[in-house]
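See below for run_17.cif, which holds mmCIF, C-alpha atoms.
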data_work
loop_
_atom_site.label_atom_id
_atom_site.label_comp_id
_atom_site.auth_asym_id
_atom_site.auth_seq_id
_atom_site.Cartn_x
_atom_site.Cartn_y
_atom_site.Cartn_z
CA MET A 1155 30.46 145.60 243.05
CA LYS A 1156 32.25 144.10 246.03
CA ASP A 1157 34.77 141.30 246.48
CA ILE A 1158 35.22 140.57 242.78
CA TYR A 1159 38.24 138.52 241.78
CA ARG A 1160 40.00 138.27 238.44
CA GLU A 1161 38.92 134.63 238.19
CA ASP A 1162 35.26 135.64 238.62
CA ILE A 1163 35.46 138.01 235.64
CA GLN A 1164 37.17 135.35 233.53
CA ILE A 1165 34.50 132.75 234.33
CA PHE A 1166 31.71 135.27 233.67
CA THR A 1167 33.31 136.15 230.32
CA ARG A 1168 33.45 132.53 229.19
CA HIS A 1169 29.88 131.69 230.20
CA SER A 1170 28.01 134.87 229.26
CA ASN A 1171 27.67 137.38 226.44
CA LEU A 1172 30.03 139.85 228.12
CA THR A 1173 32.20 141.47 225.44
CA LYS A 1174 35.95 141.89 225.62
CA ILE A 1175 35.49 145.64 226.11
CA GLY A 1176 33.11 145.01 228.99
CA ALA A 1177 35.54 142.56 230.57
CA GLU A 1178 38.37 145.09 230.28
CA LYS A 1179 36.18 147.75 231.87
CA ALA A 1180 35.30 145.40 234.74
CA LEU A 1181 38.99 144.62 235.25
CA GLU A 1182 39.88 148.33 235.28
CA GLU A 1183 37.14 149.14 237.78
CA ASN A 1184 37.65 146.20 240.15
CA ILE A 1185 41.10 144.67 239.62
CA TYR A 1186 43.60 147.09 238.05
CA ASN A 1187 45.22 149.83 240.11
CA ASN A 1188 44.66 153.47 239.17
CA ALA A 1189 46.71 156.54 240.12
CA GLU A 1190 44.93 156.90 243.46
CA ASN A 1191 45.63 153.28 244.36
CA TRP A 1192 49.30 153.74 243.51
CA ARG A 1193 49.46 156.90 245.64
CA LYS A 1194 48.01 155.04 248.62
CA PHE A 1195 50.35 152.13 248.02
CA LEU A 1196 53.42 154.39 247.94
CA SER A 1197 52.36 156.25 251.08
CA PHE A 1198 51.74 153.01 253.00
CA PHE A 1199 54.94 151.49 251.58
CA CYS A 1200 57.02 154.46 252.74
CA LEU A 1201 55.36 154.30 256.17
CA SER A 1202 56.09 150.56 256.40
CA LEU A 1203 59.68 151.14 255.32
CA GLY A 1204 60.00 153.85 257.95
CA SER A 1205 58.73 151.51 260.68
CA VAL A 1206 61.24 148.87 259.57
CA PHE A 1207 64.09 151.40 259.71
CA MET A 1208 62.89 152.59 263.12
CA THR A 1209 62.90 149.12 264.64
CA ALA A 1210 66.23 148.33 262.98
CA GLY A 1211 67.63 151.56 264.45
CA ILE A 1212 66.46 150.50 267.90
CA VAL A 1213 68.22 147.16 267.52
CA PHE A 1214 71.45 148.81 266.38
CA PHE A 1215 71.16 151.35 269.20
CA PHE A 1216 71.26 148.55 271.76
CA ALA A 1217 74.02 146.73 269.88
CA GLY A 1218 76.24 149.82 269.71
CA ASN A 1219 75.69 151.06 273.27
CA TRP A 1220 75.13 147.80 275.13
CA ALA A 1221 78.05 148.10 277.54
CA GLU A 1222 77.25 151.70 278.53
CA LEU A 1223 73.52 151.27 279.12
CA PRO A 1224 72.26 150.32 282.60
CA THR A 1225 69.80 147.44 282.91
CA PHE A 1226 66.87 149.75 283.69
CA VAL A 1227 67.42 151.72 280.49
CA LYS A 1228 67.88 148.58 278.37
CA LEU A 1229 64.53 147.16 279.41
CA GLY A 1230 62.73 150.46 279.99
CA VAL A 1231 63.30 151.91 276.53
CA VAL A 1232 61.84 148.87 274.75
CA GLU A 1233 58.92 148.56 277.15
CA PHE A 1234 58.12 152.27 276.74
CA LEU A 1235 58.15 151.94 272.94
CA ILE A 1236 55.86 148.89 273.06
CA ILE A 1237 53.39 150.67 275.34
CA ALA A 1238 53.49 153.83 273.20
CA THR A 1239 52.84 151.98 269.95
CA VAL A 1240 50.02 149.90 271.43
CA VAL A 1241 48.38 152.99 272.97
CA ALA A 1242 48.65 154.75 269.58
CA THR A 1243 46.88 151.89 267.81
CA LEU A 1244 44.10 151.82 270.41
CA PHE A 1245 43.31 155.47 271.07
CA VAL A 1246 44.58 157.51 268.11
CA LYS A 1247 42.12 157.88 265.22
CA ILE A 1248 44.20 156.84 262.23
CA HIS A 1249 43.71 154.78 259.08
CA ARG A 1250 43.41 151.06 259.73
CA THR A 1251 46.43 150.25 257.57
CA ILE A 1252 48.57 152.75 259.48
CA ARG A 1253 47.31 151.25 262.73
CA ASN A 1254 48.29 147.77 261.54
CA ILE A 1255 51.76 148.98 260.51
CA ILE A 1256 52.32 150.48 263.97
CA LEU A 1257 51.03 147.29 265.61
CA ASN A 1258 53.38 145.26 263.42
CA ALA A 1259 56.29 147.36 264.69
CA ALA A 1260 55.09 146.70 268.25
CA ALA A 1261 55.03 142.97 267.55
CA PHE A 1262 58.62 143.15 266.35
CA LEU A 1263 59.59 145.14 269.47
CA VAL A 1264 58.24 142.29 271.60
CA GLY A 1265 60.99 140.14 270.11
CA VAL A 1266 63.53 142.88 270.81
CA LEU A 1267 62.33 142.99 274.42
CA PHE A 1268 62.77 139.24 274.87
CA ALA A 1269 66.20 139.43 273.21
CA VAL A 1270 67.31 142.22 275.54
CA PHE A 1271 65.93 140.31 278.52
CA GLY A 1272 67.79 137.19 277.40
CA GLN A 1273 71.08 139.08 277.07
CA VAL A 1274 70.72 140.85 280.41
CA TYR A 1275 69.84 137.74 282.41
CA GLN A 1276 71.70 135.26 280.16
CA THR A 1277 68.61 133.19 279.38
CA GLY A 1278 69.65 132.81 275.75
CA ALA A 1279 68.44 134.74 272.73
CA ASP A 1280 68.80 131.86 270.29
CA ALA A 1281 66.84 129.23 272.22
CA TYR A 1282 63.56 127.86 270.90
CA ASP A 1283 61.63 129.09 273.95
CA PHE A 1284 62.65 132.67 273.11
CA PHE A 1285 60.88 132.42 269.73
CA LEU A 1286 58.05 130.43 271.30
CA ALA A 1287 57.39 133.19 273.84
CA TRP A 1288 57.59 135.81 271.09
CA THR A 1289 55.05 133.85 269.03
CA ILE A 1290 52.64 133.36 271.95
CA PHE A 1291 52.70 136.96 273.15
CA ILE A 1292 51.83 138.45 269.74
CA SER A 1293 49.20 135.85 268.83
CA LEU A 1294 46.26 137.98 269.93
CA TRP A 1295 47.51 140.99 267.97
CA VAL A 1296 47.94 138.90 264.85
CA ILE A 1297 44.43 137.46 265.05
CA ILE A 1298 42.75 140.79 265.81
CA SER A 1299 44.62 142.84 263.20
CA ASN A 1300 44.40 140.18 260.46
CA TYR A 1301 47.24 142.03 258.72
CA ALA A 1302 49.11 140.04 256.06
CA PRO A 1303 52.68 141.24 256.90
CA MET A 1304 52.09 140.42 260.56
CA TRP A 1305 50.73 136.99 259.61
CA LEU A 1306 53.87 136.39 257.54
CA MET A 1307 56.10 137.28 260.50
CA TYR A 1308 53.97 135.07 262.75
CA ILE A 1309 54.27 132.08 260.39
CA ALA A 1310 58.04 132.63 260.14
CA LEU A 1311 58.29 132.62 263.95
CA ILE A 1312 56.38 129.33 264.15
CA ASN A 1313 58.70 127.75 261.58
CA ILE A 1314 61.82 129.03 263.39
CA THR A 1315 60.49 127.81 266.74
CA PHE A 1316 59.82 124.34 265.35
CA VAL A 1317 63.27 124.06 263.73
CA LEU A 1318 65.07 125.26 266.87
CA TYR A 1319 63.03 122.86 269.03
CA TRP A 1320 64.15 120.02 266.76
CA GLN A 1321 67.79 121.10 266.95
CA GLN A 1322 67.87 121.77 270.70
CA VAL A 1323 65.39 119.29 272.21
CA ALA A 1324 64.00 116.68 269.80
CA SER A 1325 67.30 115.76 268.20
CA ASN A 1326 66.06 112.19 267.61
CA TRP A 1327 63.64 113.43 264.92
CA SER A 1328 64.83 112.77 261.40
CA GLU A 1329 65.50 115.65 259.04
CA LEU A 1330 63.01 114.17 256.59
CA THR A 1331 60.24 114.20 259.21
CA VAL A 1332 60.98 117.80 260.14
CA ASN A 1333 60.92 118.97 256.51
CA PHE A 1334 57.73 117.03 255.82
CA THR A 1335 56.03 118.58 258.85
CA LEU A 1336 57.08 122.07 257.76
CA PHE A 1337 55.85 121.31 254.24
CA ILE A 1338 52.42 120.19 255.46
CA PHE A 1339 52.11 123.15 257.86
CA ASN A 1340 52.99 125.80 255.29
CA THR A 1341 50.83 124.14 252.63
CA LEU A 1342 47.84 124.21 254.98
CA ILE A 1343 48.53 127.89 255.69
CA LEU A 1344 48.59 128.52 251.93
CA ALA A 1345 45.29 126.68 251.42
CA GLY A 1346 43.69 128.59 254.28
CA ALA A 1347 44.89 131.94 252.94
CA MET A 1348 43.44 131.14 249.53
CA PHE A 1349 40.03 129.71 250.41
CA LEU A 1350 38.99 130.82 253.93
CA PRO A 1351 38.38 134.49 253.00
CA ARG A 1352 36.02 133.43 250.20
CA ILE A 1353 34.18 130.94 252.41
CA ARG A 1354 33.68 133.60 255.10
CA ASN A 1355 32.93 136.38 252.56
CA ARG A 1356 35.88 138.45 253.73
CA MET A 1357 38.48 140.48 251.86
CA ALA A 1358 40.77 138.35 249.72
CA THR A 1359 44.30 137.61 250.90
CA PRO A 1360 46.90 139.75 249.07
CA ASN A 1361 48.49 138.06 246.08
CA TRP A 1362 52.02 138.72 247.35
CA PHE A 1363 51.25 136.77 250.53
CA ILE A 1364 49.87 133.80 248.56
CA ASN A 1365 52.85 133.89 246.19
CA THR A 1366 55.28 133.98 249.11
CA MET A 1367 53.64 131.01 250.82
CA THR A 1368 53.55 129.16 247.48
CA LEU A 1369 57.29 129.67 247.11
CA VAL A 1370 57.90 128.45 250.67
CA SER A 1371 55.73 125.36 250.19
CA VAL A 1372 57.26 124.44 246.82
CA THR A 1373 60.79 124.97 248.16
CA LEU A 1374 60.13 122.65 251.10
CA ALA A 1375 58.59 120.07 248.75
CA THR A 1376 61.66 120.25 246.51
CA VAL A 1377 64.00 119.77 249.46
CA LEU A 1378 61.86 116.88 250.67
CA GLU A 1379 61.95 115.16 247.29
CA MET A 1380 65.69 115.77 246.99
CA GLN A 1381 66.19 113.96 250.30
CA MET A 1382 63.96 111.03 249.38
CA VAL A 1383 64.76 110.49 245.71
CA ILE A 1384 68.07 112.05 244.80
CA PHE A 1385 70.13 111.51 247.93
CA ASN A 1386 68.52 108.11 248.60
CA THR A 1387 68.13 108.53 252.34
CA ASP A 1388 67.20 105.47 254.41
CA TYR A 1389 63.61 106.29 255.31
CA GLN A 1390 61.91 103.32 253.70
CA THR A 1391 58.99 103.09 256.18
CA SER A 1392 57.61 106.57 255.63
CA TYR A 1393 58.90 107.01 252.07
CA LEU A 1394 55.65 106.07 250.30
CA VAL A 1395 53.46 108.29 252.50
CA PHE A 1396 55.71 111.31 252.01
CA GLN A 1397 56.03 110.68 248.29
CA LEU A 1398 52.30 110.30 247.68
CA THR A 1399 51.50 113.38 249.77
CA THR A 1400 53.95 115.53 247.83
CA ILE A 1401 52.66 114.26 244.47
CA ALA A 1402 49.05 114.85 245.54
CA VAL A 1403 49.81 118.44 246.59
CA TYR A 1404 51.57 119.09 243.28
CA LEU A 1405 48.65 117.67 241.29
CA ILE A 1406 46.18 119.83 243.22
CA GLY A 1407 48.42 122.83 242.61
CA VAL A 1408 48.57 122.16 238.87
CA TRP A 1409 44.79 121.65 238.75
CA TYR A 1410 44.21 124.94 240.57
CA ALA A 1411 46.72 126.75 238.32
CA ILE A 1412 44.96 125.53 235.17
CA THR A 1413 41.39 126.15 236.36
CA SER A 1414 42.14 129.62 237.78
CA LYS A 1415 44.81 130.52 235.18
CA ASN A 1416 47.36 131.16 237.92
CA MET A 1417 50.77 131.40 236.27
CA VAL A 1418 52.65 131.70 239.58
CA PHE A 1419 51.57 128.25 240.75
CA LEU A 1420 52.41 126.69 237.41
CA ALA A 1421 55.80 128.40 237.21
CA PHE A 1422 56.88 127.41 240.74
CA ILE A 1423 55.80 123.79 240.34
CA SER A 1424 57.45 123.56 236.91
CA LEU A 1425 60.68 124.94 238.33
CA SER A 1426 60.57 122.41 241.17
CA ILE A 1427 60.04 119.52 238.77
CA LEU A 1428 62.89 120.83 236.61
CA VAL A 1429 65.24 120.91 239.60
CA LEU A 1430 64.25 117.40 240.69
CA SER A 1431 64.57 115.90 237.23
CA SER A 1432 67.96 117.56 236.75
CA GLY A 1433 69.10 116.16 240.09
CA LEU A 1434 67.99 112.68 239.10
CA VAL A 1435 69.91 112.88 235.82
CA ILE A 1436 73.05 114.07 237.61
CA ARG A 1437 72.71 111.34 240.21
CA HIS A 1438 72.38 108.50 237.69
CA LEU A 1439 74.98 109.78 235.23
CA GLY A 1440 77.44 111.08 237.83
CA PHE A 1441 79.81 114.02 237.70
CA ASP A 1442 82.55 112.39 235.59
CA ASP A 1443 81.02 113.47 232.30
CA PHE A 1444 78.92 116.56 232.98
CA SER A 1445 78.17 117.27 229.31
CA ILE A 1446 75.03 115.09 229.14
CA PRO A 1447 73.47 116.44 232.39
CA LEU A 1448 74.30 119.98 231.27
CA LEU A 1449 72.65 119.36 227.90
CA PHE A 1450 69.59 117.95 229.65
CA ILE A 1451 69.34 120.98 231.95
CA VAL A 1452 69.60 123.40 229.01
CA ILE A 1453 66.98 121.56 226.92
CA ALA A 1454 64.63 121.02 229.87
CA SER A 1455 64.91 124.67 230.98
CA ALA A 1456 64.20 125.91 227.45
CA SER A 1457 61.23 123.53 227.15
CA VAL A 1458 59.75 124.67 230.46
CA ILE A 1459 60.14 128.34 229.55
CA ALA A 1460 58.58 127.77 226.12
CA MET A 1461 55.69 125.88 227.70
CA LEU A 1462 55.03 128.64 230.24
CA ILE A 1463 55.14 131.34 227.55
CA ASN A 1464 52.75 129.35 225.35
CA VAL A 1465 50.32 128.81 228.22
CA GLN A 1466 50.48 132.48 229.15
CA LYS A 1467 49.65 133.48 225.57
CA LYS A 1468 46.70 131.10 225.45
CA TRP A 1469 45.34 132.39 228.74
CA SER A 1470 45.80 136.00 227.63
CA ASN A 1471 43.91 135.37 224.39
CA ALA A 1472 41.12 133.60 226.25
CA LYS A 1473 40.40 136.59 228.47
#

For the structure just supplied, provide its representation as structure tokens.
Amino acid sequence: MKDIYREDIQIFTRHSNLTKIGAEKALEENIYNNAENWRKFLSFFCLSLGSVFMTAGIVFFFAGNWAELPTFVKLGVVEFLIIATVVATLFVKIHRTIRNIILNAAAFLVGVLFAVFGQVYQTGADAYDFFLAWTIFISLWVIISNYAPMWLMYIALINITFVLYWQQVASNWSELTVNFTLFIFNTLILAGAMFLPRIRNRMATPNWFINTMTLVSVTLATVLEMQMVIFNTDYQTSYLVFQLTTIAVYLIGVWYAITSKNMVFLAFISLSILVLSSGLVIRHLGFDDFSIPLLFIVIASASVIAMLINVQKKWSNAK
């Protein structure tokens, strides 16, 4: 069987005569990792870790020997490494995952090249256009490889570019608008990562990528709500739109978590609501007598944990 998800087996179990033993067998064959899967994971993980250490070593090499290196060597070494890695991914017959790891290292070296260029010619290595150029020049590699770690780096570069553009050029934009834009962007990326592969009948996005983007989206939503509700910022015109959008996204997230039995979504959203409610209590009661807010935080945290454990037990028994 191909492209079977955990949710598919759960739905099939509830609406057919599939026994619990049959469901467990289907999970073991299609979802759970065996010894061979773990061996492949460890080999690819060690290779990825090695590529990270290699690129970090290159960065520290330039940092430690910057004054002694001539300009030709500074630029030539990085350019040679980029060409070598790209040639290896194109012409050497290797596993696709290994090819993607090497290409990911090349994408990182593109940033190193722009940073070295910026230091040599004093164009600035912390300007938004540095990250913008880095993002543009690796876009084709990201699309072609369709490799989750490279997509994560690409999304991070877009976020950094947008924030630096706001700080260095569009300083008249409000902080609330910037956070709301980042929230919408990352939420759309999360939705695309979850549903586009299924619509196009392609391999599912890794769970760690979806969980990471969920954490980013929920964190931005929490910051956004903290600005609007707790700190009482003066953004009355756009307040209702931002508030309704955030609530709608949370409701959709809770609905998806319940229908697909996704504990990660439910846990992140519950934690965000806990933080916001605790902030509201502290704001209205003040810091003079912290005993009541502390009691509320303890009781609310215990209630959320108990609720999550209870839901997890129910979902486990329903499988």

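Ranking A:Ile1292, A:Met1367, A:Val1227, A:Ala1281 by their shortest atom-to-atom distance to A:Val1240, with all atoms listed in the file included, puts A:Ile1292 first.
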
Can you tell me, as a PDB file with C-alpha atoms, keeping the file's coordinate frame, what residues are no more than 7 Å from A:Phe1337 when counting all atoms listed in the file, ignoring any on the same chain fewer than 3 positions away?
ATOM      1  CA  ASN A1333      60.920 118.970 256.510  1.00  0.00           C
ATOM      2  CA  PHE A1334      57.730 117.030 255.820  1.00  0.00           C
ATOM      3  CA  ASN A1340      52.990 125.800 255.290  1.00  0.00           C
ATOM      4  CA  THR A1341      50.830 124.140 252.630  1.00  0.00           C
ATOM      5  CA  SER A1371      55.730 125.360 250.190  1.00  0.00           C
ATOM      6  CA  LEU A1374      60.130 122.650 251.100  1.00  0.00           C
ATOM      7  CA  ALA A1375      58.590 120.070 248.750  1.00  0.00           C
TER       8      ALA A1375
END

message: What's the separation between atom CA of A:Leu1257 and atom CA of A:Thr1315, in Å to one decimal place?
response: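 Computing the Euclidean distance for atom CA of A:Leu1257 and atom CA of A:Thr1315 yields 21.7 Å.
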
Please enumerate the residues selected by the PyMOL selection byres ((chain A and resi 1283-1289) around 12) when evaluated against the supplied file, formatted as a PyMOL selection string.
chain A and resi 1260-1273+1276-1282+1290-1297+1304-1320+1322-1323

Selection from above, C-alpha atoms, as a short mmCIF file (atom, residue, chain, number, x, y, z; two decimals), in the frame of the given file, can you write it?
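Output contents, as saved in out_33.cif:
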data_model
loop_
_atom_site.label_atom_id
_atom_site.label_comp_id
_atom_site.auth_asym_id
_atom_site.auth_seq_id
_atom_site.Cartn_x
_atom_site.Cartn_y
_atom_site.Cartn_z
CA ALA A 1260 55.09 146.70 268.25
CA ALA A 1261 55.03 142.97 267.55
CA PHE A 1262 58.62 143.15 266.35
CA LEU A 1263 59.59 145.14 269.47
CA VAL A 1264 58.24 142.29 271.60
CA GLY A 1265 60.99 140.14 270.11
CA VAL A 1266 63.53 142.88 270.81
CA LEU A 1267 62.33 142.99 274.42
CA PHE A 1268 62.77 139.24 274.87
CA ALA A 1269 66.20 139.43 273.21
CA VAL A 1270 67.31 142.22 275.54
CA PHE A 1271 65.93 140.31 278.52
CA GLY A 1272 67.79 137.19 277.40
CA GLN A 1273 71.08 139.08 277.07
CA GLN A 1276 71.70 135.26 280.16
CA THR A 1277 68.61 133.19 279.38
CA GLY A 1278 69.65 132.81 275.75
CA ALA A 1279 68.44 134.74 272.73
CA ASP A 1280 68.80 131.86 270.29
CA ALA A 1281 66.84 129.23 272.22
CA TYR A 1282 63.56 127.86 270.90
CA ILE A 1290 52.64 133.36 271.95
CA PHE A 1291 52.70 136.96 273.15
CA ILE A 1292 51.83 138.45 269.74
CA SER A 1293 49.20 135.85 268.83
CA LEU A 1294 46.26 137.98 269.93
CA TRP A 1295 47.51 140.99 267.97
CA VAL A 1296 47.94 138.90 264.85
CA ILE A 1297 44.43 137.46 265.05
CA MET A 1304 52.09 140.42 260.56
CA TRP A 1305 50.73 136.99 259.61
CA LEU A 1306 53.87 136.39 257.54
CA MET A 1307 56.10 137.28 260.50
CA TYR A 1308 53.97 135.07 262.75
CA ILE A 1309 54.27 132.08 260.39
CA ALA A 1310 58.04 132.63 260.14
CA LEU A 1311 58.29 132.62 263.95
CA ILE A 1312 56.38 129.33 264.15
CA ASN A 1313 58.70 127.75 261.58
CA ILE A 1314 61.82 129.03 263.39
CA THR A 1315 60.49 127.81 266.74
CA PHE A 1316 59.82 124.34 265.35
CA VAL A 1317 63.27 124.06 263.73
CA LEU A 1318 65.07 125.26 266.87
CA TYR A 1319 63.03 122.86 269.03
CA TRP A 1320 64.15 120.02 266.76
CA GLN A 1322 67.87 121.77 270.70
CA VAL A 1323 65.39 119.29 272.21
#

Out of A:Cys1200, A:Ile1412, A:Leu1244, A:Val1370, which residue has the shortest atom-to-atom distance to A:Phe1339 when counting all atoms listed in the file?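 Residue with the minimum atom-to-atom distance to A:Phe1339: A:Val1370.
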
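Note that atom CA of A:Leu1369 and atom CA of A:Arg1253 are 28.4 Å apart.
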
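What separates atom CA of A:Asn1365 from atom CA of A:Leu1344 is a distance of 8.9 Å.
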